[in-house]
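*Asks:* Take a look at work-v5.cif, mmCIF, N, CA and C atoms:
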data_start
loop_
_atom_site.label_atom_id
_atom_site.label_comp_id
_atom_site.auth_asym_id
_atom_site.auth_seq_id
_atom_site.Cartn_x
_atom_site.Cartn_y
_atom_site.Cartn_z
N MET D 7 26.38 32.14 -35.21
CA MET D 7 25.19 31.40 -34.82
C MET D 7 25.10 31.34 -33.29
N LYS D 8 23.92 31.59 -32.76
CA LYS D 8 23.68 31.58 -31.33
C LYS D 8 23.57 30.14 -30.82
N GLU D 9 24.20 29.88 -29.69
CA GLU D 9 24.14 28.55 -29.10
C GLU D 9 22.82 28.37 -28.36
N ALA D 10 22.15 27.24 -28.59
CA ALA D 10 20.89 26.95 -27.91
C ALA D 10 21.18 26.59 -26.46
N LYS D 11 20.41 27.16 -25.55
CA LYS D 11 20.58 26.86 -24.13
C LYS D 11 19.38 26.07 -23.64
N CYS D 12 19.68 25.02 -22.91
CA CYS D 12 18.63 24.16 -22.37
C CYS D 12 18.97 23.90 -20.90
N MET D 13 18.05 24.22 -20.02
CA MET D 13 18.27 23.97 -18.61
C MET D 13 17.41 22.79 -18.17
N ILE D 14 18.02 21.88 -17.44
CA ILE D 14 17.30 20.73 -16.91
C ILE D 14 17.34 20.79 -15.39
N ASP D 15 16.17 20.73 -14.78
CA ASP D 15 16.04 20.78 -13.32
C ASP D 15 15.42 19.46 -12.86
N VAL D 16 16.13 18.74 -12.00
CA VAL D 16 15.62 17.51 -11.41
C VAL D 16 15.54 17.76 -9.90
N THR D 17 14.32 17.68 -9.36
CA THR D 17 14.08 18.06 -7.97
C THR D 17 13.21 17.02 -7.26
N PRO D 18 13.58 16.62 -6.03
CA PRO D 18 12.68 15.77 -5.25
C PRO D 18 11.45 16.58 -4.83
N ILE D 19 10.28 15.98 -4.94
CA ILE D 19 9.01 16.63 -4.60
C ILE D 19 8.34 15.79 -3.50
N LYS D 20 8.15 16.40 -2.33
CA LYS D 20 7.49 15.69 -1.22
C LYS D 20 5.98 15.70 -1.41
N ILE D 21 5.40 14.51 -1.36
CA ILE D 21 3.95 14.33 -1.41
C ILE D 21 3.61 13.49 -0.17
N ASP D 22 3.11 14.14 0.86
CA ASP D 22 2.89 13.49 2.15
C ASP D 22 4.20 12.86 2.63
N ASP D 23 4.22 11.56 2.86
CA ASP D 23 5.44 10.90 3.34
C ASP D 23 6.24 10.25 2.21
N ARG D 24 5.90 10.55 0.98
CA ARG D 24 6.58 9.99 -0.19
C ARG D 24 7.38 11.07 -0.91
N THR D 25 8.32 10.63 -1.73
CA THR D 25 9.10 11.58 -2.53
C THR D 25 9.00 11.19 -4.00
N ALA D 26 8.49 12.12 -4.79
CA ALA D 26 8.42 11.94 -6.24
C ALA D 26 9.61 12.68 -6.85
N LEU D 27 9.81 12.49 -8.13
CA LEU D 27 10.91 13.14 -8.84
C LEU D 27 10.34 14.14 -9.83
N GLY D 28 10.68 15.41 -9.64
CA GLY D 28 10.24 16.45 -10.57
C GLY D 28 11.28 16.64 -11.66
N LEU D 29 10.83 16.72 -12.90
CA LEU D 29 11.71 16.96 -14.05
C LEU D 29 11.17 18.15 -14.82
N ARG D 30 12.01 19.18 -14.98
CA ARG D 30 11.60 20.39 -15.71
C ARG D 30 12.69 20.73 -16.71
N VAL D 31 12.32 20.86 -17.97
CA VAL D 31 13.28 21.15 -19.03
C VAL D 31 12.88 22.43 -19.74
N GLU D 32 13.76 23.43 -19.69
CA GLU D 32 13.56 24.67 -20.45
C GLU D 32 14.02 24.37 -21.88
N LEU D 33 13.14 24.53 -22.83
CA LEU D 33 13.45 24.22 -24.22
C LEU D 33 13.73 25.49 -25.01
N PRO D 34 14.66 25.42 -25.96
CA PRO D 34 14.99 26.61 -26.76
C PRO D 34 13.75 27.15 -27.48
N GLU D 35 13.55 28.45 -27.39
CA GLU D 35 12.49 29.17 -28.09
C GLU D 35 11.08 28.71 -27.76
N SER D 36 10.93 28.06 -26.60
CA SER D 36 9.61 27.61 -26.17
C SER D 36 9.12 28.52 -25.04
N PRO D 37 7.88 28.99 -25.11
CA PRO D 37 7.36 29.84 -24.04
C PRO D 37 7.06 29.07 -22.75
N ALA D 38 7.02 27.76 -22.82
CA ALA D 38 6.72 26.94 -21.65
C ALA D 38 7.69 25.77 -21.58
N PRO D 39 7.98 25.28 -20.37
CA PRO D 39 8.89 24.15 -20.22
C PRO D 39 8.17 22.81 -20.42
N LEU D 40 8.96 21.79 -20.63
CA LEU D 40 8.47 20.41 -20.54
C LEU D 40 8.60 20.07 -19.06
N ILE D 41 7.52 19.64 -18.44
CA ILE D 41 7.55 19.41 -17.00
C ILE D 41 6.73 18.17 -16.64
N MET D 42 7.26 17.39 -15.70
CA MET D 42 6.55 16.20 -15.22
C MET D 42 7.00 15.88 -13.81
N ILE D 43 6.12 15.19 -13.08
CA ILE D 43 6.45 14.70 -11.75
C ILE D 43 6.20 13.19 -11.79
N ILE D 44 7.22 12.44 -11.39
CA ILE D 44 7.22 10.98 -11.55
C ILE D 44 7.06 10.30 -10.19
N GLY D 45 6.08 9.40 -10.11
CA GLY D 45 5.87 8.57 -8.92
C GLY D 45 6.36 7.16 -9.22
N GLN D 46 6.11 6.23 -8.31
CA GLN D 46 6.56 4.85 -8.48
C GLN D 46 5.80 4.10 -9.57
N LYS D 47 4.53 4.47 -9.79
CA LYS D 47 3.69 3.73 -10.74
C LYS D 47 3.43 4.48 -12.03
N GLY D 48 3.86 5.76 -12.12
CA GLY D 48 3.59 6.54 -13.32
C GLY D 48 3.91 8.00 -13.09
N PHE D 49 3.32 8.87 -13.89
CA PHE D 49 3.69 10.29 -13.83
C PHE D 49 2.53 11.20 -14.19
N VAL D 50 2.66 12.46 -13.73
CA VAL D 50 1.77 13.55 -14.12
C VAL D 50 2.62 14.48 -14.97
N CYS D 51 2.14 14.82 -16.15
CA CYS D 51 2.96 15.58 -17.10
C CYS D 51 2.19 16.76 -17.69
N CYS D 52 2.95 17.63 -18.34
CA CYS D 52 2.35 18.76 -19.04
C CYS D 52 1.88 18.29 -20.43
N GLY D 53 1.28 19.19 -21.16
CA GLY D 53 0.74 18.86 -22.47
C GLY D 53 1.77 18.60 -23.55
N PHE D 54 3.06 18.81 -23.26
CA PHE D 54 4.11 18.52 -24.23
C PHE D 54 4.18 17.02 -24.56
N LEU D 55 3.85 16.19 -23.58
CA LEU D 55 3.97 14.75 -23.79
C LEU D 55 2.72 14.18 -24.43
N ASN D 56 2.91 13.19 -25.25
CA ASN D 56 1.85 12.62 -26.07
C ASN D 56 1.09 11.54 -25.31
N MET D 57 -0.15 11.81 -24.97
CA MET D 57 -0.96 10.85 -24.22
C MET D 57 -1.30 9.61 -25.04
N ASP D 58 -1.43 9.76 -26.35
CA ASP D 58 -1.68 8.58 -27.20
C ASP D 58 -0.50 7.61 -27.12
N ALA D 59 0.71 8.14 -27.12
CA ALA D 59 1.90 7.30 -27.00
C ALA D 59 1.93 6.64 -25.61
N ALA D 60 1.62 7.40 -24.57
CA ALA D 60 1.60 6.84 -23.21
C ALA D 60 0.57 5.71 -23.12
N GLU D 61 -0.57 5.89 -23.77
CA GLU D 61 -1.60 4.84 -23.79
C GLU D 61 -1.08 3.59 -24.50
N LYS D 62 -0.48 3.77 -25.66
CA LYS D 62 0.05 2.63 -26.42
C LYS D 62 1.15 1.90 -25.67
N LEU D 63 1.92 2.64 -24.87
CA LEU D 63 3.00 2.04 -24.08
C LEU D 63 2.51 1.46 -22.77
N ASN D 64 1.20 1.61 -22.50
CA ASN D 64 0.56 1.05 -21.31
C ASN D 64 1.19 1.56 -20.01
N VAL D 65 1.40 2.89 -19.93
CA VAL D 65 1.92 3.48 -18.72
C VAL D 65 0.82 4.29 -18.03
N ALA D 66 0.95 4.45 -16.73
CA ALA D 66 0.02 5.28 -15.97
C ALA D 66 0.47 6.72 -16.09
N ALA D 67 -0.31 7.52 -16.80
CA ALA D 67 0.04 8.92 -17.02
C ALA D 67 -1.20 9.79 -16.92
N ALA D 68 -1.02 10.96 -16.32
CA ALA D 68 -2.08 11.96 -16.26
C ALA D 68 -1.51 13.25 -16.82
N MET D 69 -2.32 14.00 -17.57
CA MET D 69 -1.84 15.21 -18.22
C MET D 69 -2.56 16.42 -17.66
N VAL D 70 -1.76 17.46 -17.34
CA VAL D 70 -2.29 18.76 -16.94
C VAL D 70 -1.78 19.77 -17.96
N SER D 71 -2.38 20.94 -18.01
CA SER D 71 -1.91 21.93 -18.99
C SER D 71 -1.81 23.31 -18.36
N GLY D 72 -1.09 24.19 -19.06
CA GLY D 72 -0.92 25.56 -18.59
C GLY D 72 0.00 25.67 -17.39
N VAL D 73 0.98 24.77 -17.29
CA VAL D 73 1.86 24.73 -16.12
C VAL D 73 3.29 25.14 -16.47
N LYS D 74 3.94 25.81 -15.52
CA LYS D 74 5.34 26.21 -15.72
C LYS D 74 6.23 25.80 -14.54
N THR D 75 5.60 25.43 -13.41
CA THR D 75 6.36 25.05 -12.22
C THR D 75 5.82 23.74 -11.67
N PHE D 76 6.61 23.13 -10.76
CA PHE D 76 6.14 21.89 -10.13
C PHE D 76 4.87 22.16 -9.32
N GLU D 77 4.82 23.29 -8.64
CA GLU D 77 3.63 23.64 -7.86
C GLU D 77 2.41 23.78 -8.79
N ASP D 78 2.62 24.35 -9.97
CA ASP D 78 1.53 24.44 -10.96
C ASP D 78 1.00 23.06 -11.30
N VAL D 79 1.91 22.09 -11.51
CA VAL D 79 1.50 20.71 -11.85
C VAL D 79 0.66 20.13 -10.73
N LEU D 80 1.08 20.33 -9.49
CA LEU D 80 0.36 19.78 -8.34
C LEU D 80 -1.03 20.39 -8.18
N ASN D 81 -1.16 21.66 -8.55
CA ASN D 81 -2.44 22.36 -8.37
C ASN D 81 -3.35 22.33 -9.59
N ALA D 82 -2.82 21.99 -10.75
CA ALA D 82 -3.60 22.00 -11.99
C ALA D 82 -4.58 20.82 -12.03
N GLU D 83 -5.63 21.02 -12.79
CA GLU D 83 -6.65 19.99 -12.98
C GLU D 83 -6.19 18.99 -14.04
N VAL D 84 -6.34 17.71 -13.74
CA VAL D 84 -6.03 16.66 -14.71
C VAL D 84 -6.99 16.79 -15.90
N GLN D 85 -6.44 16.88 -17.08
CA GLN D 85 -7.22 17.01 -18.31
C GLN D 85 -7.48 15.66 -18.98
N ALA D 86 -6.50 14.75 -18.84
CA ALA D 86 -6.61 13.44 -19.50
C ALA D 86 -5.79 12.43 -18.70
N ALA D 87 -6.14 11.16 -18.84
CA ALA D 87 -5.42 10.09 -18.16
C ALA D 87 -5.47 8.83 -19.02
N THR D 88 -4.41 8.05 -18.93
CA THR D 88 -4.39 6.79 -19.66
C THR D 88 -5.28 5.76 -18.97
N THR D 89 -5.59 4.69 -19.66
CA THR D 89 -6.41 3.62 -19.09
C THR D 89 -5.78 3.07 -17.82
N LYS D 90 -4.47 2.92 -17.81
CA LYS D 90 -3.77 2.40 -16.63
C LYS D 90 -3.90 3.38 -15.46
N ALA D 91 -3.83 4.68 -15.72
CA ALA D 91 -4.00 5.69 -14.66
C ALA D 91 -5.44 5.68 -14.15
N LEU D 92 -6.40 5.56 -15.06
CA LEU D 92 -7.81 5.50 -14.65
C LEU D 92 -8.05 4.31 -13.74
N ALA D 93 -7.40 3.17 -14.03
CA ALA D 93 -7.55 1.96 -13.21
C ALA D 93 -6.99 2.17 -11.80
N LEU D 94 -6.05 3.10 -11.64
CA LEU D 94 -5.50 3.41 -10.32
C LEU D 94 -6.35 4.42 -9.56
N GLY D 95 -7.41 4.93 -10.21
CA GLY D 95 -8.32 5.87 -9.56
C GLY D 95 -8.14 7.32 -9.98
N ILE D 96 -7.22 7.59 -10.90
CA ILE D 96 -7.03 8.96 -11.39
C ILE D 96 -8.17 9.31 -12.32
N LYS D 97 -8.70 10.51 -12.15
CA LYS D 97 -9.84 10.94 -12.97
C LYS D 97 -9.61 12.36 -13.47
N PRO D 98 -10.03 12.64 -14.70
CA PRO D 98 -10.01 14.03 -15.16
C PRO D 98 -10.81 14.90 -14.19
N GLY D 99 -10.29 16.08 -13.88
CA GLY D 99 -10.95 16.99 -12.95
C GLY D 99 -10.28 17.03 -11.59
N MET D 100 -9.59 15.94 -11.19
CA MET D 100 -8.89 15.97 -9.91
C MET D 100 -7.61 16.78 -10.08
N ASN D 101 -7.01 17.23 -8.99
CA ASN D 101 -5.78 18.00 -9.14
C ASN D 101 -4.57 17.07 -9.25
N GLY D 102 -3.47 17.64 -9.72
CA GLY D 102 -2.26 16.86 -9.94
C GLY D 102 -1.72 16.22 -8.68
N ARG D 103 -1.82 16.91 -7.55
CA ARG D 103 -1.34 16.36 -6.27
C ARG D 103 -2.10 15.08 -5.92
N ASP D 104 -3.42 15.12 -6.02
CA ASP D 104 -4.22 13.93 -5.70
C ASP D 104 -3.95 12.80 -6.69
N ALA D 105 -3.75 13.15 -7.96
CA ALA D 105 -3.41 12.12 -8.95
C ALA D 105 -2.07 11.49 -8.61
N LEU D 106 -1.10 12.32 -8.24
CA LEU D 106 0.23 11.80 -7.92
C LEU D 106 0.21 10.88 -6.72
N LYS D 107 -0.63 11.17 -5.73
CA LYS D 107 -0.74 10.31 -4.55
C LYS D 107 -1.14 8.88 -4.94
N LEU D 108 -1.90 8.76 -6.02
CA LEU D 108 -2.34 7.44 -6.49
C LEU D 108 -1.26 6.72 -7.29
N LEU D 109 -0.16 7.40 -7.55
CA LEU D 109 0.93 6.81 -8.35
C LEU D 109 2.05 6.27 -7.47
N PHE D 110 1.75 6.05 -6.17
CA PHE D 110 2.72 5.44 -5.25
C PHE D 110 2.19 4.13 -4.76
#
Can you dump the structure from the file as structure tokens?
*Replies:*
Amino acid sequence: MKEAKCMIDVTPIKIDDRTALGLRVELPESPAPLIMIIGQKGFVCCGFLNMDAAEKLNVAAAMVSGVKTFEDVLNAEVQAATTKALALGIKPGMNGRDALKLLF
């Protein structure tokens, strides 16, 4: 039996004068990683994470899709946001970098 390999990358991400935490997980047999960038008030994540759950947990979350790198997350268009993220000024259509700036 083949051993499953999973790589986890945790990287500081500079956003202007702030530092966010990038988390990227290579999952077995998945064509795309689980990826998110975490600010002080919430996070921007890929489509792997469940926005309905984030809404129920009352966290500030914005979702982007089609991303494989931290730079992709920063440049991708926000597809969805929780009520708490919307209250912070995050809107679908803005890029991940601008959304993340509102999470500090």
*Asks:* On this structure, the PyMOL selection byres ((chain D and resi 83) around 7) would catch which residues? List them as number ranges by chain, sorted by chain and number.
*Replies:* D: 69-71, 79-82, 84-86, 98-102
*Asks:* Run DSSP on the backbone and give me the residues of chain D it puts in alpha helix (DSSP H), as a list in words.
*Replies:*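 Taking chain D and keeping alpha helix (DSSP H) gives Met57, Asp58, Ala59, Ala60, Glu61, Lys62, Phe76, Glu77, Asp78, Val79, Leu80, Asn81, Thr89, Lys90, Ala91, Leu92, Ala93, Gly102, Arg103, Asp104, Ala105, Leu106 and Lys107 of chain D.
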*Asks:* Grab the atom CA of Arg30 of chain D to atom CA of Ile96 of chain D distance for me, in Å with one decimal place.
*Replies:*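 Here the two named atoms are 22.3 Å from each other.
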*Asks:* Do you know which residues lie at most 6 Å from (9.7, 11.9, -8.0), with coordinates as in the file and only C-alpha atoms counted, and could you write them as an NGL selection string?
*Replies:* :D and (18-19 or 25-28 or 43-45)
*Asks:* Lys90 of chain D: which residues within 10 Å, counting only C-alpha atoms, same-chain residues fewer than 5 positions away excluded, as an NGL selection string?
*Replies:* :D and (47-48 or 60-61 or 64-68 or 95-96)
